[in-house]
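Undergrad: Can you read through this structure? Questions will come right after.
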Amino acid sequence: MFELRVLTGLHRGAALPLSGSAWRIGADDDADLTLYDPGISARHALLEKQENGWLLSALDGDLCDTEGHSVTQIPDLTPGTPFALHHIWLCVVAADTPWDSEETERPDAGSPAGQDDIPPPTQEQQPVAAAAATVAPARLPLWAKSCYLLLSLLLATMVGGWLLQESVAMPPAPPPQDTRRQLNTMTQLEHTLRTLLRERELTDAVKLASTHTLVTLTGQLTPQEQKKLERMLIQFHQRYNTALTVDNRTQIKSAQLPFQIVQVTSGPRANVVTADGRRLFVGDEVEQLRLVSIDDHQIVFGGQQQIKVNW
């Protein structure tokens with residue numbers, strides 16, 4: 001299982017599980033990975049799964065490879081190779097890859113330009129500098145110190161009075177204006193939620209139940225549908241403002257084998273026998289499920305969703 005990670009920008013730390021064959025990236029709310037950073041287009045780029053890797057194509061935005069070169073397509077994107085959409089860096093990695101504690105610096109983020117060009121002092125300059133450093137500074141007379149003190153106090157008084165006048169004359173900043181669309185009735189809220197669910201093909205999986213002040217979402221969802229619903233609710237609260245309550249009580253659908261196992265054999269020739277007499281060895285695939293491993297306590301099947309069976 002792989003995921004698309006955001007390494008920099010406003011959404012740094014976000015990750016999109018790559019389940020499927022194509023994912024659209026951009027500032028559009030309907031994008032699979034939504035980025036609101038400046039410079040990100042609504043349909044910025046498209047990531048596609050290939051047989052031997054990943055294909056990244058620019059749509060309406062600019063694309064840079066790992067060396068910072070502007071390109072229109074990265075045909076052989078390998079896991080762990082960073083790339084940039086405008087100035088936002090992302091990469092495709094395995095889902096179990098740990099996150100770095102600090103963001104990796106770009107190769108050009110080193111010492112300031114020209115720092116290495118400063119020549120070291122010559123042997124003739126070093127004694128002169130050392131001799132100049134040993135000369136003690138001349139002490140100021142008492143009258144000069146008094147003048148400096150009076151001038152410092154006068155300057156501090158003038159600056160303090162100016163700041164006080166500015167703070168008194170400056171009116172308080174107006175409160176930020178809420179530009180979200182207001183949903184005042186239950187009918188408006190239900191209609192909006194049903195529209196959002198229909199756009200994401202979640203109408204059959206998610207059911208709505210409402211009272212006077214509460215809308216409850218229920219249903220058994222796959223992990224991919226659950227993440228899609230969570231993103232929908234985040235975007236809902238960003239677009240709309242309502243005094244009514246939306247309660248998400250959906251649950252992740254528990255995965256079960258479509259057949260029954262009646263016999264398990266471990267060891268070098270580990271295998272299982274199903275109720276209809278089929279014998280499956282590690283690596284065999286049946287009903288879109290592949291037998292991944294068999295140990296002394298657990299059987300693991302892989303597919304669209306990993307299924308573990310204790311025995």
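Residue names in the structure tokens use chain letters A, B, ... in the order shown, residue numbers from 1 in each chain, and ligand numbers from 1 in the order shown.
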Please list as a count of residues only every residue within 9 Å of segment 27-30 of chain A, counting only C-alpha atoms and excluding residues in the same chain fewer than 3 positions away.
TA: 15
Undergrad: What's around Gln220 of chain A at 6 Å? Count only C-alpha atoms, leave out sequence neighbours fewer than 4 positions away in its own chain, and write the answer as a PyMOL selection string.
TA: chain A and resi 251-253
Undergrad: Output the selection as a PDB file, in the first residue's frame - N, CA and C atoms for each residue.
TA:
ATOM      1  N   GLN A 251     -19.346   3.778  10.564  1.00  0.00           N
ATOM      2  CA  GLN A 251     -18.336   2.836  11.034  1.00  0.00           C
ATOM      3  C   GLN A 251     -17.649   2.190   9.842  1.00  0.00           C
ATOM      4  N   ILE A 252     -16.408   1.749  10.081  1.00  0.00           N
ATOM      5  CA  ILE A 252     -15.664   1.059   9.034  1.00  0.00           C
ATOM      6  C   ILE A 252     -16.167  -0.375   8.928  1.00  0.00           C
ATOM      7  N   LYS A 253     -16.450  -0.802   7.717  1.00  0.00           N
ATOM      8  CA  LYS A 253     -16.975  -2.143   7.474  1.00  0.00           C
ATOM      9  C   LYS A 253     -15.897  -3.184   7.777  1.00  0.00           C
TER      10      LYS A 253
END
Undergrad: Considering only C-alpha atoms, can you say which of A:Gln305, A:Ser266, A:Ser21, A:Gln226 comes closest to Leu197 of chain A?
TA: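 Of A:Gln305, A:Ser266, A:Ser21, A:Gln226, the one nearest Leu197 of chain A is A:Gln226, counting only C-alpha atoms.
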Undergrad: Could you list, as JSON, numbers by chain, every residue within 8 Å of Lys308 of chain A, counting only C-alpha atoms and ignoring same-chain residues fewer than 4 positions away?
TA: {"A": [298, 299, 300, 301]}
Undergrad: Pick out the residues sitting within 7 Å of Val246 of chain A, and hand them over as number ranges by chain; count only C-alpha atoms, and ignore anything fewer than 5 positions along from it in its own chain.
TA: A: 214-216
Undergrad: With distances taken over only C-alpha atoms, which residue among A:Tyr240, A:Phe259, A:Trp143, A:Trp99 lies nearest Arg5 of chain A?
TA: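 Between A:Tyr240, A:Phe259, A:Trp143, A:Trp99, the residue approaching Arg5 of chain A most closely is A:Trp99.
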Undergrad: Select from segment 19-264 of chain A everything DSSP, run on the backbone, classes as helix (DSSP H, G or I), then give the selection as a PyMOL selection string.
TA: chain A and resi 115-117+125-134+142-169+186-199+223-239
Undergrad: List the spatial neighbours of Val92 of chain A as JSON, numbers by chain - criterion: any atom at most 9 Å away, only C-alpha atoms, same-chain residues fewer than 5 positions off excluded.
TA: {"A": [2, 3, 4, 5, 18, 54, 77, 78, 79, 80, 81, 82]}
Undergrad: I want to know what sits within 12 Å of His237 of chain A, based on only C-alpha atoms, with residues of the same chain fewer than 2 positions away left out; could you give that as a PyMOL selection string?
TA: chain A and resi 178-183+189+192-193+230-235+239-246
